[in-house]
$ cat protein34.txt   # compact mmCIF, C-alpha atoms
# COMPACT_ATOMS: atom_id res chain seq x y z
CA MET A 10 -123.71 42.67 -3.50
CA THR A 11 -124.21 42.66 -7.27
CA THR A 12 -121.51 40.81 -9.16
CA PRO A 13 -119.73 43.22 -11.52
CA LYS A 14 -119.44 42.58 -15.23
CA ILE A 15 -115.78 41.71 -15.80
CA LYS A 16 -113.84 41.32 -19.02
CA ILE A 17 -110.19 40.27 -19.21
CA THR A 18 -108.34 40.74 -22.49
CA TYR A 19 -105.10 38.90 -23.16
CA PHE A 20 -103.49 36.61 -25.71
CA ASP A 21 -104.71 33.03 -26.13
CA ILE A 22 -102.02 31.72 -23.80
CA GLU A 23 -101.64 31.42 -20.03
CA GLY A 24 -99.00 34.10 -19.44
CA ALA A 25 -99.66 37.06 -17.16
CA ALA A 26 -103.44 36.68 -17.27
CA GLU A 27 -103.71 33.08 -16.10
CA PRO A 28 -103.33 33.78 -12.35
CA VAL A 29 -106.16 36.30 -12.64
CA ARG A 30 -108.36 33.89 -14.59
CA LEU A 31 -107.76 31.19 -11.99
CA ALA A 32 -108.58 33.55 -9.13
CA PHE A 33 -111.92 34.53 -10.66
CA VAL A 34 -112.77 30.87 -11.28
CA LEU A 35 -111.93 29.93 -7.69
CA ALA A 36 -113.92 32.90 -6.41
CA GLY A 37 -116.91 31.74 -8.44
CA VAL A 38 -117.03 35.04 -10.30
CA PRO A 39 -118.04 34.88 -13.97
CA PHE A 40 -115.97 36.90 -16.43
CA GLU A 41 -115.54 37.35 -20.15
CA ASP A 42 -112.28 35.68 -21.17
CA ASP A 43 -111.37 37.75 -24.24
CA ARG A 44 -108.45 35.97 -25.92
CA ILE A 45 -106.92 37.85 -28.82
CA LYS A 46 -104.69 36.50 -31.56
CA PHE A 47 -101.17 37.88 -31.90
CA PRO A 48 -101.91 39.56 -35.27
CA GLU A 49 -104.68 41.55 -33.56
CA TRP A 50 -102.28 43.09 -31.04
CA GLY A 51 -101.00 45.80 -33.38
CA GLU A 52 -104.45 47.34 -33.64
CA LEU A 53 -105.31 46.97 -29.95
CA LYS A 54 -101.99 48.12 -28.46
CA PRO A 55 -102.42 51.89 -28.96
CA LYS A 56 -105.90 51.68 -27.45
CA THR A 57 -104.59 50.31 -24.14
CA PRO A 58 -103.47 52.66 -21.33
CA HIS A 59 -99.84 51.50 -21.26
CA GLY A 60 -99.44 49.51 -24.47
CA THR A 61 -99.62 46.24 -22.56
CA VAL A 62 -101.99 43.40 -21.75
CA PRO A 63 -103.73 42.01 -19.83
CA VAL A 64 -106.32 44.73 -19.47
CA MET A 65 -109.53 44.42 -17.50
CA THR A 66 -112.81 46.32 -17.64
CA ILE A 67 -115.42 46.41 -14.89
CA ASP A 68 -119.01 47.13 -15.83
CA ASP A 69 -117.87 48.35 -19.27
CA GLY A 70 -115.74 51.04 -17.65
CA PRO A 71 -112.24 52.18 -18.68
CA MET A 72 -109.46 49.66 -19.20
CA LYS A 73 -107.52 48.78 -16.06
CA THR A 74 -103.94 47.48 -16.11
CA GLN A 75 -101.46 45.56 -13.93
CA SER A 76 -102.10 41.86 -13.47
CA GLY A 77 -101.07 41.97 -9.80
CA ALA A 78 -103.80 44.52 -9.06
CA MET A 79 -106.30 42.40 -10.99
CA LEU A 80 -105.31 39.33 -8.98
CA ARG A 81 -105.87 41.08 -5.67
CA TYR A 82 -109.12 42.60 -6.93
CA ALA A 83 -110.37 39.11 -7.80
CA ALA A 84 -109.62 38.08 -4.22
CA THR A 85 -111.90 40.84 -2.90
CA LEU A 86 -114.82 39.22 -4.72
CA ASP A 87 -114.24 35.85 -3.03
CA LYS A 88 -117.19 35.62 -0.65
CA ILE A 89 -115.49 33.18 1.73
CA GLY A 90 -112.22 35.10 1.82
CA ALA A 91 -110.04 32.09 1.07
CA LEU A 92 -108.06 33.66 -1.76
CA TYR A 93 -106.50 36.40 0.40
CA PRO A 94 -107.13 35.58 4.07
CA THR A 95 -106.29 38.47 6.38
CA ASP A 96 -104.57 36.21 8.88
CA LYS A 97 -102.22 34.92 6.17
CA MET A 98 -101.63 38.14 4.26
CA TYR A 99 -97.90 38.23 4.94
CA ASP A 100 -97.48 34.58 3.96
CA VAL A 101 -99.37 35.18 0.74
CA GLU A 102 -97.31 38.24 -0.18
CA GLN A 103 -94.08 36.49 0.74
CA ALA A 104 -94.94 33.58 -1.56
CA ILE A 105 -95.89 35.95 -4.38
CA GLY A 106 -92.56 37.70 -3.90
CA VAL A 107 -90.61 34.45 -4.20
CA ILE A 108 -92.52 33.52 -7.36
CA GLY A 109 -91.74 36.95 -8.80
CA ASP A 110 -88.05 36.53 -7.97
CA MET A 111 -88.06 33.14 -9.70
CA THR A 112 -89.65 34.64 -12.80
CA ARG A 113 -87.12 37.48 -12.94
CA SER A 114 -84.30 34.96 -12.61
CA TRP A 115 -85.63 32.92 -15.53
CA THR A 116 -86.67 35.78 -17.86
CA PRO A 117 -83.27 36.54 -19.46
CA ASN A 118 -82.95 32.90 -20.48
CA LEU A 119 -86.32 33.08 -22.22
CA TYR A 120 -86.16 36.50 -23.83
CA ILE A 121 -82.63 36.33 -25.18
CA SER A 122 -84.14 34.53 -28.18
CA MET A 123 -86.94 37.08 -28.60
CA ARG A 124 -85.27 40.38 -27.72
CA PRO A 125 -81.53 39.79 -28.13
CA LYS A 126 -80.74 43.51 -28.42
CA ALA A 127 -81.98 44.01 -24.85
CA PHE A 128 -79.13 41.73 -23.73
CA GLY A 129 -76.41 43.31 -25.87
CA TYR A 130 -76.62 40.98 -28.87
CA PRO A 131 -77.48 41.81 -32.50
CA GLU A 132 -81.01 41.27 -33.77
CA ASP A 133 -80.09 38.17 -35.76
CA PHE A 134 -78.15 36.56 -32.88
CA PRO A 135 -80.74 33.80 -32.20
CA LYS A 136 -80.44 32.63 -35.81
CA THR A 137 -76.65 32.22 -35.72
CA ASP A 138 -74.88 29.05 -34.63
CA GLU A 139 -73.33 30.99 -31.75
CA GLY A 140 -76.71 32.31 -30.71
CA LYS A 141 -78.42 28.92 -30.86
CA ALA A 142 -75.66 27.42 -28.73
CA LYS A 143 -75.82 30.28 -26.23
CA ILE A 144 -79.60 30.04 -25.83
CA ALA A 145 -79.46 26.27 -25.37
CA SER A 146 -76.64 26.56 -22.84
CA MET A 147 -78.33 29.29 -20.78
CA ARG A 148 -81.67 27.52 -20.57
CA LYS A 149 -80.25 24.10 -19.78
CA GLU A 150 -77.96 25.50 -17.10
CA TRP A 151 -80.78 27.46 -15.45
CA VAL A 152 -83.07 24.42 -15.38
CA GLU A 153 -80.27 22.28 -13.95
CA THR A 154 -78.97 24.71 -11.31
CA GLU A 155 -81.61 27.33 -10.57
CA LEU A 156 -84.97 25.62 -11.04
CA PRO A 157 -84.35 23.10 -8.22
CA LYS A 158 -83.47 25.96 -5.88
CA TRP A 159 -86.63 27.95 -6.55
CA LEU A 160 -88.91 24.93 -6.49
CA GLY A 161 -87.24 23.96 -3.22
CA PHE A 162 -88.20 27.32 -1.70
CA LEU A 163 -91.82 26.74 -2.71
CA SER A 164 -91.77 23.14 -1.51
CA ASP A 165 -90.45 24.28 1.86
CA MET A 166 -93.35 26.73 2.16
CA ILE A 167 -95.85 23.99 1.45
CA ASP A 168 -94.24 21.67 4.01
CA ALA A 169 -94.09 24.41 6.64
CA ASN A 170 -97.78 25.17 6.16
CA GLY A 171 -99.26 21.70 6.42
CA GLY A 172 -98.45 20.12 3.08
CA THR A 173 -101.39 21.36 1.03
CA TYR A 174 -100.90 24.81 -0.47
CA LEU A 175 -98.23 27.50 -0.21
CA CYS A 176 -99.93 29.23 2.70
CA GLY A 177 -101.67 26.24 4.25
CA GLY A 178 -105.37 25.61 4.63
CA ASP A 179 -107.59 23.45 2.48
CA LYS A 180 -108.11 26.05 -0.27
CA PRO A 181 -105.67 27.83 -2.59
CA THR A 182 -104.83 31.52 -2.23
CA ILE A 183 -103.82 34.01 -4.91
CA ALA A 184 -100.23 32.91 -4.27
CA ASP A 185 -101.13 29.46 -5.58
CA CYS A 186 -102.95 31.07 -8.51
CA MET A 187 -99.66 32.72 -9.41
CA ALA A 188 -97.39 29.77 -8.65
CA VAL A 189 -99.18 27.08 -10.63
CA PRO A 190 -99.05 28.76 -14.08
CA THR A 191 -95.47 29.85 -13.43
CA ILE A 192 -94.41 26.26 -12.74
CA ARG A 193 -96.60 24.84 -15.50
CA ASN A 194 -94.77 27.09 -17.96
CA PHE A 195 -91.76 24.77 -17.75
CA THR A 196 -93.77 21.63 -18.52
CA ARG A 197 -95.84 22.55 -21.56
CA GLY A 198 -93.20 21.85 -24.20
CA HIS A 199 -93.28 25.26 -25.86
CA ILE A 200 -89.82 26.41 -24.75
CA ASP A 201 -86.83 25.02 -26.63
CA HIS A 202 -84.22 23.19 -24.53
CA VAL A 203 -86.53 22.82 -21.52
CA ASP A 204 -87.45 19.21 -20.71
CA VAL A 205 -91.20 18.89 -20.09
CA ASP A 206 -90.43 16.55 -17.19
CA CYS A 207 -87.97 18.92 -15.52
CA VAL A 208 -90.29 19.82 -12.64
CA ALA A 209 -91.21 16.22 -11.87
CA LYS A 210 -87.56 15.18 -12.03
CA CYS A 211 -86.17 17.85 -9.72
CA ASN A 212 -89.07 18.19 -7.27
CA PRO A 213 -91.82 15.55 -7.29
CA LYS A 214 -93.58 17.33 -4.41
CA ILE A 215 -94.07 20.41 -6.53
CA ALA A 216 -95.25 18.34 -9.49
CA ALA A 217 -97.85 16.75 -7.19
CA TYR A 218 -98.84 20.20 -5.86
CA VAL A 219 -99.53 21.46 -9.39
CA GLU A 220 -101.61 18.36 -10.13
CA ARG A 221 -103.50 18.77 -6.85
CA PHE A 222 -104.38 22.37 -7.63
$ encode --input "protein34.txt" --output "structure tokens"
Amino acid sequence: MTTPKIKITYFDIEGAAEPVRLAFVLAGVPFEDDRIKFPEWGELKPKTPHGTVPVMTIDDGPMKTQSGAMLRYAATLDKIGALYPTDKMYDVEQAIGVIGDMTRSWTPNLYISMRPKAFGYPEDFPKTDEGKAKIASMRKEWVETELPKWLGFLSDMIDANGGTYLCGGDKPTIADCMAVPTIRNFTRGHIDHVDVDCVAKCNPKIAAYVERF
């Protein structure tokens, strides 16, 4: 089978594209990693199908959307079938679902500083003393009370499946491709009021899992 020509366009951050990038790397499939700068987005946005990124093209064809579809497509190109094994399909999808639930739980705490009007606050709320205090309080409380719970769910999956990856075996699946960047997001120091050591402090097993990946 001829390897298709693949191009993934996204910002120069991990974000929604990183699981897809990781899956292609693990599958041994070369791709063009087109990383745009934020000022370039205004010009590109109306050219995309849904006004969102990442977008992917295959053999210079039309832009394709939805990072979850891209992730599963990458798995189909894995010649050894390790990224999305048929005998572990339910386990993989279950893990992806838990990671998605974790992300949805965290998102309001992140975006309240970027899109305050979406949460019922005025546009300048993040710049006010009240807003700064609210953002700090929300993020610290989530990291203290919710992060350990979600990481515990993932740690339990790893333990139940042999102690290596979320769905067992000696190779990662697309669930791990999604989990690792999601967890790493809390440790990179780019989010105010989130301790870069929060993952290691509340779940050393998960910190070791990310390092092992």
$ residues_around --input "protein34.txt" --residues "Phe195 in chain A" --least-positions-apart "4" --cutoff "10 Å" --atoms "all atoms listed in the file" --output "list of chain:residue names"
A:Val152, A:Leu156, A:Pro190, A:Thr191, A:His199, A:Ile200, A:Val203, A:Asp204, A:Val205, A:Asp206, A:Cys207, A:Val208
$ write_last_selection --input "protein34.txt" --atoms "C-alpha atoms" --output "JSON list (two decimals), in the coordinates of the input"
[["chain", "number", "residue", "atom", "x", "y", "z"],
["A", 152, "VAL", "CA", -83.07, 24.42, -15.38],
["A", 156, "LEU", "CA", -84.97, 25.62, -11.04],
["A", 190, "PRO", "CA", -99.05, 28.76, -14.08],
["A", 191, "THR", "CA", -95.47, 29.85, -13.43],
["A", 199, "HIS", "CA", -93.28, 25.26, -25.86],
["A", 200, "ILE", "CA", -89.82, 26.41, -24.75],
["A", 203, "VAL", "CA", -86.53, 22.82, -21.52],
["A", 204, "ASP", "CA", -87.45, 19.21, -20.71],
["A", 205, "VAL", "CA", -91.20, 18.89, -20.09],
["A", 206, "ASP", "CA", -90.43, 16.55, -17.19],
["A", 207, "CYS", "CA", -87.97, 18.92, -15.52],
["A", 208, "VAL", "CA", -90.29, 19.82, -12.64]]
$ atom_distance --input "protein34.txt" --atom1 "CA of Ile183 in chain A" --atom2 "CA of Tyr120 in chain A"
26.0 Å
$ atom_distance --input "protein34.txt" --atom1 "CA of Asp168 in chain A" --atom2 "CA of Arg81 in chain A"
24.6 Å
$ atom_distance --input "protein34.txt" --atom1 "CA of Asn118 in chain A" --atom2 "CA of Phe47 in chain A"
22.1 Å
$ closest_residue --input "protein34.txt" --among "A:Leu53, A:Ala169, A:Leu35, A:Met147" --to "Ile89 in chain A" --atoms "all atoms listed in the file"
A:Leu35
$ residues_around --input "protein34.txt" --residues "Leu31 in chain A" --least-positions-apart "2" --cutoff "10 Å" --atoms "all atoms listed in the file" --output "VMD selection string"
chain A and resid 26 to 29 33 to 37 80 83 183 185 to 187 189 to 190
$ closest_residue --input "protein34.txt" --among "A:Ile167, A:Ala209, A:Ala145, A:Ile121" --to "Val101 in chain A" --atoms "all atoms listed in the file"
A:Ile167
$ closest_residue --input "protein34.txt" --among "A:Ile45, A:Ala217, A:Tyr93, A:Pro135" --to "Pro181 in chain A" --atoms "only C-alpha atoms"
A:Tyr93
$ residues_near_point --input "protein34.txt" --point "(-86.6, 20.4, -9.3)" --cutoff "10 Å" --atoms "all atoms listed in the file" --output "PyMOL selection string"
chain A and resi 152-161+164+206-216
$ residues_near_point --input "protein34.txt" --point "(-88.6, 31.1, -27.9)" --cutoff "7 Å" --atoms "only C-alpha atoms" --output "MDAnalysis selection string"
chainID A and resid 119 122:123 200:201
$ closest_residue --input "protein34.txt" --among "A:Gly51, A:Leu163, A:Leu86, A:Ala25" --to "Pro39 in chain A" --atoms "all atoms listed in the file"
A:Leu86
$ closest_residue --input "protein34.txt" --among "A:Tyr218, A:Ala32, A:Gly70, A:Ala91" --to "Gly172 in chain A" --atoms "all atoms listed in the file"
A:Tyr218
$ closest_residue --input "protein34.txt" --among "A:Met65, A:Lys54, A:Lys46, A:Phe162" --to "Asp110 in chain A" --atoms "all atoms listed in the file"
A:Phe162
$ residues_around --input "protein34.txt" --residues "Tyr19 in chain A" --least-positions-apart "5" --cutoff "6 Å" --atoms "only C-alpha atoms" --output "PyMOL selection string"
chain A and resi 44+62-63
